[in-house]
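Data block for model_31.txt (compact mmCIF, C-alpha atoms (C1' of nucleotides)):
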# COMPACT_ATOMS: atom_id res chain seq x y z
CA MET A 1 15.39 17.26 -0.55
CA GLY A 2 14.79 19.71 -3.37
CA LEU A 3 13.39 19.04 -6.82
CA ARG A 4 11.34 16.04 -7.81
CA LYS A 5 12.43 13.92 -10.71
CA SER A 6 10.64 15.23 -13.79
CA ALA A 7 8.86 11.96 -14.69
CA PRO A 8 8.15 9.56 -11.80
CA LYS A 9 7.98 6.68 -14.31
CA ARG A 10 4.76 4.66 -14.43
CA ARG A 11 4.62 0.89 -14.16
CA SER A 12 2.35 0.84 -17.20
CA GLY A 13 0.30 3.12 -19.44
CA CYS A 14 -3.02 1.68 -18.27
CA PRO A 15 -5.40 4.41 -17.08
CA LEU A 16 -6.46 2.32 -14.10
CA ASN A 17 -2.83 1.94 -13.11
CA ALA A 18 -2.40 5.72 -13.31
CA SER A 19 -5.30 6.17 -10.88
CA VAL A 20 -3.98 3.46 -8.59
CA GLU A 21 -0.52 5.00 -8.48
CA MET A 22 -1.95 8.38 -7.48
CA LEU A 23 -4.73 7.22 -5.15
CA GLY A 24 -3.96 3.61 -4.22
CA ASP A 25 -2.95 3.86 -0.59
CA ARG A 26 -4.70 3.87 2.73
CA TRP A 27 -5.02 7.66 3.15
CA SER A 28 -5.24 9.73 -0.03
CA LEU A 29 -8.90 9.07 -0.78
CA LEU A 30 -9.87 9.75 2.83
CA ILE A 31 -8.18 13.15 2.67
CA ILE A 32 -10.06 13.89 -0.55
CA ARG A 33 -13.29 12.71 1.08
CA ASP A 34 -12.78 15.17 3.95
CA MET A 35 -12.22 18.03 1.52
CA MET A 36 -15.15 17.07 -0.70
CA LEU A 37 -17.78 16.14 1.87
CA LEU A 38 -16.77 17.83 5.09
CA GLY A 39 -15.11 20.89 3.59
CA SER A 40 -11.83 20.32 5.45
CA LYS A 41 -9.15 22.71 4.31
CA THR A 42 -6.38 22.95 6.92
CA PHE A 43 -3.83 20.53 8.33
CA LYS A 44 -5.55 20.66 11.71
CA GLU A 45 -8.94 19.82 10.23
CA PHE A 46 -7.55 16.74 8.45
CA LEU A 47 -6.01 15.54 11.70
CA GLY A 48 -9.43 15.75 13.35
CA SER A 49 -10.86 12.98 11.15
CA TYR A 50 -12.08 9.68 12.59
CA GLU A 51 -9.25 7.63 11.22
CA HIS A 52 -6.44 9.58 12.95
CA ILE A 53 -3.76 9.97 10.31
CA ALA A 54 -0.21 10.60 11.59
CA THR A 55 1.17 14.07 10.98
CA ASN A 56 4.13 12.92 8.89
CA ILE A 57 1.90 10.79 6.66
CA LEU A 58 -0.55 13.65 6.25
CA ALA A 59 2.22 16.07 5.28
CA ASP A 60 3.55 13.54 2.79
CA ARG A 61 0.15 12.85 1.20
CA LEU A 62 -0.72 16.53 0.91
CA ARG A 63 2.60 17.10 -0.86
CA LYS A 64 2.01 14.21 -3.25
CA LEU A 65 -1.60 15.14 -3.98
CA GLU A 66 -0.45 18.67 -4.75
CA ALA A 67 2.29 17.30 -7.04
CA TYR A 68 -0.38 15.28 -8.88
CA GLY A 69 -2.48 18.42 -9.33
CA ILE A 70 -5.35 17.09 -7.22
CA LEU A 71 -5.20 19.88 -4.67
CA ARG A 72 -3.43 23.19 -4.16
CA ALA A 73 -2.17 24.92 -1.02
CA LYS A 74 -2.32 28.66 -0.43
CA ARG A 75 -1.26 30.68 2.58
CA ASP A 76 -4.24 32.04 4.52
CA PRO A 77 -4.20 35.84 4.10
CA ALA A 78 -5.99 36.25 7.46
CA ASP A 79 -3.60 33.99 9.42
CA GLY A 80 -0.04 33.60 8.19
CA ARG A 81 0.47 30.26 9.96
CA LYS A 82 -2.33 28.54 8.12
CA LEU A 83 -2.30 26.90 4.73
CA ILE A 84 -5.61 26.56 2.94
CA TYR A 85 -5.89 23.39 0.89
CA LYS A 86 -8.34 23.38 -2.01
CA LEU A 87 -9.31 20.73 -4.52
CA THR A 88 -8.42 21.57 -8.11
CA PRO A 89 -10.83 20.78 -10.98
CA LYS A 90 -8.97 17.48 -11.32
CA GLY A 91 -9.55 16.85 -7.63
CA ILE A 92 -13.26 17.63 -7.53
CA ASP A 93 -13.62 15.46 -10.62
CA LEU A 94 -12.90 12.46 -8.38
CA ALA A 95 -16.43 12.77 -6.96
CA PRO A 96 -17.82 9.95 -9.17
CA VAL A 97 -15.00 7.64 -8.08
CA LEU A 98 -15.61 8.32 -4.38
CA THR A 99 -19.35 7.96 -4.89
CA GLU A 100 -19.07 4.54 -6.53
CA MET A 101 -16.72 3.36 -3.80
CA VAL A 102 -19.16 4.48 -1.11
CA LEU A 103 -22.09 2.84 -2.94
CA TRP A 104 -20.17 -0.41 -3.38
CA ALA A 105 -19.28 -0.60 0.31
CA GLY A 106 -22.85 0.35 1.15
CA ARG A 107 -24.14 -2.59 -0.89
CA HIS A 108 -21.71 -5.19 0.46
CA GLU A 109 -20.53 -4.13 3.90
CA LYS A 110 -22.10 -3.07 7.15
CA THR A 111 -21.16 0.58 7.45
CA LYS A 112 -22.28 3.76 9.12
CA ASN A 113 -23.49 6.88 7.33
CA GLN A 114 -26.46 5.14 5.72
CA ALA A 115 -28.04 8.57 5.26
CA LEU A 116 -25.29 9.61 2.85
CA ILE A 117 -25.57 6.31 1.00
CA ARG A 118 -29.31 6.75 0.57
CA VAL A 119 -28.87 10.27 -0.82
CA MET A 120 -26.35 8.95 -3.33
CA GLN A 121 -28.59 6.02 -4.31
CA ARG A 122 -31.71 8.08 -4.84
CA ASN A 123 -30.24 10.54 -7.27
CA LYS A 124 -26.57 10.15 -8.04
CA GLN A 125 -26.49 12.90 -10.66
CA LYS A 126 -28.10 15.42 -8.34
CA PHE A 127 -25.70 14.50 -5.57
CA LEU A 128 -22.68 14.97 -7.85
CA ALA A 129 -24.04 18.29 -9.08
CA GLN A 130 -24.39 19.51 -5.49
CA ILE A 131 -20.83 18.50 -4.64
CA ARG A 132 -19.55 20.44 -7.62
CA GLN A 133 -21.74 23.41 -6.84
CA ARG A 134 -20.49 23.69 -3.27
CA TRP A 135 -16.93 23.51 -4.52
CA GLU A 136 -17.53 26.29 -7.05
CA GLN A 137 -19.04 28.53 -4.38
CA ASN A 138 -15.94 28.16 -2.23
CA LYS A 139 -13.88 29.47 -5.13
CA THR A 140 -15.16 32.98 -4.56
CA ARG A 141 -16.35 33.16 -0.95
CA MET A 142 -15.47 31.27 2.19
CA SER A 143 -17.33 28.17 3.39
CA ALA A 144 -21.03 28.66 4.00
CA ARG A 145 -20.86 26.70 7.24
CA MET B 1 -0.62 -20.49 8.91
CA GLY B 2 -4.00 -20.93 10.55
CA LEU B 3 -7.09 -18.95 11.36
CA ARG B 4 -7.66 -15.28 10.76
CA LYS B 5 -8.92 -13.10 13.57
CA SER B 6 -12.68 -12.99 13.27
CA ALA B 7 -12.99 -9.20 12.95
CA PRO B 8 -9.98 -7.35 11.46
CA LYS B 9 -11.15 -4.13 13.17
CA ARG B 10 -11.85 -1.13 10.95
CA ARG B 11 -10.33 2.29 11.50
CA SER B 12 -13.81 3.79 11.13
CA GLY B 13 -17.33 2.90 10.04
CA CYS B 14 -17.20 5.16 6.99
CA PRO B 15 -18.15 3.27 3.83
CA LEU B 16 -15.34 4.92 1.88
CA ASN B 17 -12.89 3.76 4.52
CA ALA B 18 -14.22 0.21 4.18
CA SER B 19 -13.52 0.32 0.44
CA VAL B 20 -10.09 1.84 0.98
CA GLU B 21 -9.13 -0.82 3.52
CA MET B 22 -10.07 -3.59 1.09
CA LEU B 23 -8.84 -2.04 -2.16
CA GLY B 24 -6.45 0.77 -1.19
CA ASP B 25 -3.08 -0.58 -2.23
CA ARG B 26 -1.01 -0.71 -5.39
CA TRP B 27 -2.15 -4.13 -6.66
CA SER B 28 -5.66 -5.25 -5.68
CA LEU B 29 -7.54 -3.19 -8.24
CA LEU B 30 -5.15 -4.24 -11.01
CA ILE B 31 -5.81 -7.90 -10.23
CA ILE B 32 -9.53 -7.22 -10.36
CA ARG B 33 -9.06 -5.34 -13.64
CA ASP B 34 -7.32 -8.37 -15.17
CA MET B 35 -10.15 -10.63 -14.07
CA MET B 36 -12.86 -8.27 -15.23
CA LEU B 37 -11.44 -7.02 -18.53
CA LEU B 38 -8.93 -9.62 -19.64
CA GLY B 39 -10.60 -12.66 -18.15
CA SER B 40 -7.50 -13.70 -16.20
CA LYS B 41 -8.23 -16.58 -13.87
CA THR B 42 -4.98 -18.34 -12.89
CA PHE B 43 -1.89 -17.34 -10.94
CA LYS B 44 0.20 -17.57 -14.10
CA GLU B 45 -2.11 -15.28 -16.03
CA PHE B 46 -1.97 -12.63 -13.33
CA LEU B 47 1.83 -12.77 -13.39
CA GLY B 48 1.75 -12.08 -17.13
CA SER B 49 0.29 -8.60 -16.65
CA TYR B 50 2.17 -5.46 -17.72
CA GLU B 51 2.92 -4.30 -14.22
CA HIS B 52 4.82 -7.44 -13.12
CA ILE B 53 3.57 -8.20 -9.65
CA ALA B 54 5.86 -10.31 -7.45
CA THR B 55 4.68 -13.82 -6.67
CA ASN B 56 4.56 -13.36 -2.90
CA ILE B 57 2.52 -10.15 -3.22
CA LEU B 58 0.15 -11.81 -5.69
CA ALA B 59 -0.39 -14.79 -3.39
CA ASP B 60 -1.03 -12.42 -0.50
CA ARG B 61 -3.52 -10.25 -2.41
CA LEU B 62 -5.43 -13.24 -3.78
CA ARG B 63 -5.76 -14.56 -0.23
CA LYS B 64 -6.98 -11.21 1.07
CA LEU B 65 -9.40 -10.63 -1.80
CA GLU B 66 -10.84 -14.08 -1.19
CA ALA B 67 -11.15 -13.32 2.53
CA TYR B 68 -13.08 -10.14 1.64
CA GLY B 69 -15.43 -12.17 -0.56
CA ILE B 70 -14.36 -10.39 -3.74
CA LEU B 71 -13.13 -13.52 -5.48
CA ARG B 72 -13.16 -17.27 -4.96
CA ALA B 73 -10.60 -19.97 -5.82
CA LYS B 74 -11.54 -23.42 -7.04
CA ARG B 75 -9.32 -26.30 -8.07
CA ASP B 76 -9.38 -26.89 -11.83
CA PRO B 77 -11.07 -30.26 -12.39
CA ALA B 78 -9.12 -30.73 -15.64
CA ASP B 79 -5.69 -29.93 -14.13
CA GLY B 80 -5.17 -30.54 -10.44
CA ARG B 81 -2.27 -28.12 -10.21
CA LYS B 82 -4.33 -25.13 -11.27
CA LEU B 83 -6.57 -22.93 -9.21
CA ILE B 84 -9.30 -21.06 -11.05
CA TYR B 85 -10.00 -17.64 -9.58
CA LYS B 86 -13.42 -16.14 -10.19
CA LEU B 87 -15.00 -12.86 -9.19
CA THR B 88 -17.95 -13.16 -6.84
CA PRO B 89 -21.05 -10.98 -7.27
CA LYS B 90 -19.41 -8.57 -4.82
CA GLY B 91 -16.33 -8.56 -7.02
CA ILE B 92 -18.05 -7.99 -10.35
CA ASP B 93 -20.01 -5.23 -8.65
CA LEU B 94 -16.77 -3.25 -8.52
CA ALA B 95 -17.14 -2.56 -12.26
CA PRO B 96 -18.54 0.97 -11.73
CA VAL B 97 -15.64 1.84 -9.42
CA LEU B 98 -13.04 0.65 -11.92
CA THR B 99 -14.88 2.42 -14.73
CA GLU B 100 -14.91 5.77 -12.94
CA MET B 101 -11.23 5.43 -12.09
CA VAL B 102 -10.39 4.72 -15.72
CA LEU B 103 -12.53 7.63 -16.91
CA TRP B 104 -10.96 10.02 -14.40
CA ALA B 105 -7.43 9.08 -15.46
CA GLY B 106 -8.53 9.32 -19.09
CA ARG B 107 -9.72 12.88 -18.54
CA HIS B 108 -6.69 14.10 -16.62
CA GLU B 109 -3.67 11.99 -17.55
CA LYS B 110 -1.95 10.89 -20.70
CA THR B 111 -2.61 7.15 -20.85
CA LYS B 112 -2.80 4.33 -23.31
CA ASN B 113 -5.91 2.27 -24.09
CA GLN B 114 -7.87 5.26 -25.39
CA ALA B 115 -10.13 2.81 -27.24
CA LEU B 116 -11.40 1.39 -23.95
CA ILE B 117 -11.89 4.88 -22.56
CA ARG B 118 -13.93 5.90 -25.58
CA VAL B 119 -16.16 2.85 -25.26
CA MET B 120 -16.78 3.69 -21.60
CA GLN B 121 -17.48 7.34 -22.38
CA ARG B 122 -19.94 6.69 -25.18
CA ASN B 123 -22.24 4.44 -23.25
CA LYS B 124 -21.27 3.66 -19.69
CA GLN B 125 -24.40 1.68 -18.92
CA LYS B 126 -24.01 -0.53 -21.96
CA PHE B 127 -20.37 -1.14 -21.12
CA LEU B 128 -21.23 -2.15 -17.56
CA ALA B 129 -23.99 -4.43 -18.79
CA GLN B 130 -21.56 -6.18 -21.13
CA ILE B 131 -19.03 -6.72 -18.35
CA ARG B 132 -21.68 -8.32 -16.21
CA GLN B 133 -23.00 -10.40 -19.07
CA ARG B 134 -19.59 -11.85 -19.86
CA TRP B 135 -19.10 -12.67 -16.20
CA GLU B 136 -22.45 -14.46 -16.03
CA GLN B 137 -21.63 -16.51 -19.10
CA ASN B 138 -18.42 -17.73 -17.51
CA LYS B 139 -20.45 -19.05 -14.64
CA THR B 140 -21.74 -21.89 -16.76
CA ARG B 141 -19.27 -22.37 -19.62
CA MET B 142 -15.61 -21.51 -20.10
CA SER B 143 -14.34 -18.24 -21.62
CA ALA B 144 -15.69 -17.51 -25.11
CA ARG B 145 -12.28 -16.39 -26.34
C1' DC C 1 7.16 -46.88 -14.73
C1' DG C 2 10.70 -42.77 -14.01
C1' DA C 3 12.40 -38.17 -15.45
C1' DA C 4 11.33 -33.66 -16.65
C1' DG C 5 8.26 -29.83 -16.72
C1' DT C 6 4.56 -26.83 -14.89
C1' DA C 7 1.54 -24.31 -11.51
C1' DG C 8 1.21 -22.18 -7.41
C1' DC C 9 3.03 -21.00 -4.00
C1' DT C 10 6.81 -20.08 0.39
C1' DT C 11 11.15 -18.41 2.28
C1' DG C 12 15.05 -15.25 3.02
C1' DC C 13 16.63 -10.99 2.86
C1' DA C 14 17.24 -6.01 1.58
C1' DC C 15 14.86 -1.85 1.27
C1' DA C 16 10.92 1.31 1.56
C1' DA C 17 6.68 2.83 3.81
C1' DT C 18 4.12 3.51 8.01
C1' DG C 19 3.05 4.93 12.74
C1' DC C 20 4.03 6.97 17.06
C1' DA C 21 6.19 10.42 20.09
C1' DA C 22 8.70 14.26 20.50
C1' DG C 23 10.60 18.44 18.79
C1' DT C 24 10.97 22.80 15.75
C1' DG C 25 10.08 27.47 13.90
C1' DA C 26 7.14 31.00 12.48
C1' DA C 27 3.00 33.56 13.41
C1' DA C 28 -0.77 34.90 16.56
C1' DA C 29 -2.92 35.69 20.89
C1' DT C 30 -2.55 37.27 25.63
C1' DA D 1 7.37 39.18 26.51
C1' DT D 2 5.43 34.92 27.12
C1' DT D 3 2.41 31.47 25.77
C1' DT D 4 -0.26 29.14 22.40
C1' DT D 5 -1.33 27.61 17.79
C1' DC D 6 -0.23 25.78 13.34
C1' DA D 7 2.13 23.12 10.16
C1' DC D 8 5.22 20.52 9.91
C1' DT D 9 10.10 17.56 10.73
C1' DT D 10 12.90 14.09 13.00
C1' DG D 11 14.08 9.67 15.20
C1' DC D 12 13.08 5.24 15.71
C1' DA D 13 10.56 0.85 15.89
C1' DT D 14 7.36 -1.86 13.21
C1' DT D 15 5.30 -3.37 9.03
C1' DG D 16 4.95 -3.92 4.03
C1' DT D 17 7.15 -4.57 -0.52
C1' DG D 18 10.16 -6.54 -4.07
C1' DC D 19 13.39 -9.71 -5.89
C1' DA D 20 15.56 -14.24 -6.29
C1' DA D 21 15.55 -18.71 -5.09
C1' DG D 22 13.51 -22.85 -3.51
C1' DC D 23 9.72 -26.11 -2.75
C1' DT D 24 5.82 -29.39 -3.52
C1' DA D 25 1.99 -31.40 -5.82
C1' DC D 26 0.50 -32.57 -10.16
C1' DT D 27 1.00 -33.56 -15.20
C1' DT D 28 3.28 -34.89 -19.33
C1' DC D 29 6.59 -37.37 -22.00
C1' DG D 30 9.27 -41.32 -23.20

Just give me the structure as structure tokens.
Amino acid sequence: MGLRKSAPKRRSGCPLNASVEMLGDRWSLLIIRDMMLLGSKTFKEFLGSYEHIATNILADRLRKLEAYGILRAKRDPADGRKLIYKLTPKGIDLAPVLTEMVLWAGRHEKTKNQALIRVMQRNKQKFLAQIRQRWEQNKTRMSAR
Amino acid sequence: MGLRKSAPKRRSGCPLNASVEMLGDRWSLLIIRDMMLLGSKTFKEFLGSYEHIATNILADRLRKLEAYGILRAKRDPADGRKLIYKLTPKGIDLAPVLTEMVLWAGRHEKTKNQALIRVMQRNKQKFLAQIRQRWEQNKTRMSAR
DNA sequence: CGAAGTAGCTTGCACAATGCAAGTGAAAAT
DNA sequence: ATTTTCACTTGCATTGTGCAAGCTACTTCG
């Protein structure tokens, strides 16, 4: 264990490849979705998701996403066992990517959550602004829900 | 090998999960990038990409992407050895997803191809329209380049 | 025509990633 | 003090990935 290698060495300098190397697996984007849309912020909350990620995979992905600067973990001052995970500016900036992926699937696959898809379709900019606004609120005070 | 199971069974009905199950790996989106931006259309051309995909992985991904309806393979009438791979409407419709992933990496990572990023930033809609236009041209006649 | 080359794979095998169940240690609740 | 909760870690079986080599159908060259 211990320190990471300083430069993990990319396969190429292509920006799409950079995104794929950080996000191209079966779990990372779902974790980010839960943080962005459901407001999940603890290990337990991520485990509660529909897709049932294994604990070792979740721990690994949270570590990697933190190393990439997409999220940050802080100890909960009210409960010393808990870690609070929060999206960084880089993380919340993935909202357009997630949105386009949801819209694409909505156009070409039979999926649930048609209500969300419709909200995104009707006014994408407004939707993205709301996501960002909610995230900024949680910077100062705890979740409104 | 034989027939695929009729329904591969999704982990959840979430539209993002559908996208992740089809595209969430280290190669699929890069193959689609090569088709969309470089006009790659044969096995050989895909192998020539910077990231050096292995032949067995490439064959597997092309098969899966075809099964998902993202691309289609046709025998080249001029050379019976060649297969010509083409994006379907569902495939070309991934352009906004790729674009947002490129833009995100461009904003937060040091990458090459800044020229492409600048074109996308200046006028996203125009860029997307051009991608689609080039794809529609290739429907009737061969690549302009 | 036959020999050589090309395109698109498949196979074998080593290694890495994933998934499940069970266990651990620190903090909190009772 | 004991039990419960939280965030993991460990062990192990299964699955996916990556490399090198081989294979087969088709084309080209002489």

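Remark: for chain A, the closest of the candidate residues D:DT15, D:DT10, D:DT24, D:DT3 is D:DT10 (distances computed over all atoms listed in the file).
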
One number please: atom CA of B:Leu30 to atom CA of B:Leu98, in Å, one decimal. 9.3 Å

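Counting from atom CA of B:Met120, the distance to atom CA of B:Leu103 is 7.5 Å.
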
Once you count all atoms listed in the file, what closest atom pair and distance in Å to one decimal does each residue of chain C within 8 Å of chain A have, with rows by chain and rising residue number, as a Markdown table?
| residue | atom | partner | partner_atom | distance |
| --- | --- | --- | --- | --- |
| C:DT18 | C1' | A:Ile57 | CA | 7.7 |
| C:DG19 | C1' | A:Ala54 | CA | 6.6 |
| C:DC20 | C1' | A:Ala54 | CA | 7.8 |
| C:DA26 | C1' | A:Arg81 | CA | 7.2 |
| C:DA27 | C1' | A:Arg81 | CA | 5.4 |
| C:DA28 | C1' | A:Asp79 | CA | 7.7 |

Atom CA of B:Val20 and atom CA of A:Leu87, how far apart in Å? 19.7 Å

Quick one: stretch 48-67 of chain A with N, CA and C atoms, as a compact mmCIF listing (two decimals), keeping the file's coordinate frame?
# COMPACT_ATOMS: atom_id res chain seq x y z
N GLY A 48 -8.27 15.99 12.51
CA GLY A 48 -9.43 15.75 13.35
C GLY A 48 -10.31 14.61 12.88
N SER A 49 -10.01 14.03 11.72
CA SER A 49 -10.86 12.98 11.15
C SER A 49 -10.86 11.71 12.00
N TYR A 50 -11.90 10.91 11.81
CA TYR A 50 -12.08 9.68 12.59
C TYR A 50 -10.88 8.76 12.56
N GLU A 51 -10.25 8.68 11.40
CA GLU A 51 -9.25 7.63 11.22
C GLU A 51 -7.88 7.95 11.78
N HIS A 52 -7.67 9.19 12.24
CA HIS A 52 -6.44 9.58 12.95
C HIS A 52 -5.17 9.31 12.16
N ILE A 53 -4.99 10.06 11.10
CA ILE A 53 -3.76 9.97 10.31
C ILE A 53 -2.60 10.60 11.09
N ALA A 54 -1.40 10.03 10.94
CA ALA A 54 -0.21 10.60 11.59
C ALA A 54 0.23 11.85 10.85
N THR A 55 0.84 12.77 11.58
CA THR A 55 1.17 14.07 10.98
C THR A 55 2.17 13.94 9.83
N ASN A 56 3.14 13.06 9.98
CA ASN A 56 4.13 12.92 8.89
C ASN A 56 3.50 12.34 7.63
N ILE A 57 2.60 11.38 7.80
CA ILE A 57 1.90 10.79 6.66
C ILE A 57 1.02 11.85 5.99
N LEU A 58 0.31 12.61 6.81
CA LEU A 58 -0.55 13.65 6.25
C LEU A 58 0.26 14.66 5.44
N ALA A 59 1.37 15.11 6.00
CA ALA A 59 2.22 16.07 5.28
C ALA A 59 2.69 15.49 3.95
N ASP A 60 3.08 14.21 4.00
CA ASP A 60 3.55 13.54 2.79
C ASP A 60 2.45 13.43 1.73
N ARG A 61 1.24 13.03 2.15
CA ARG A 61 0.15 12.85 1.20
C ARG A 61 -0.30 14.18 0.60
N LEU A 62 -0.33 15.23 1.44
CA LEU A 62 -0.72 16.53 0.91
C LEU A 62 0.28 16.99 -0.14
N ARG A 63 1.56 16.75 0.11
CA ARG A 63 2.60 17.10 -0.86
C ARG A 63 2.41 16.33 -2.17
N LYS A 64 2.17 15.02 -2.04
CA LYS A 64 2.01 14.21 -3.25
C LYS A 64 0.76 14.60 -4.02
N LEU A 65 -0.36 14.79 -3.30
CA LEU A 65 -1.60 15.14 -3.98
C LEU A 65 -1.46 16.49 -4.69
N GLU A 66 -0.69 17.39 -4.08
CA GLU A 66 -0.45 18.67 -4.75
C GLU A 66 0.41 18.45 -6.00
N ALA A 67 1.42 17.59 -5.89
CA ALA A 67 2.29 17.30 -7.04
C ALA A 67 1.49 16.68 -8.19
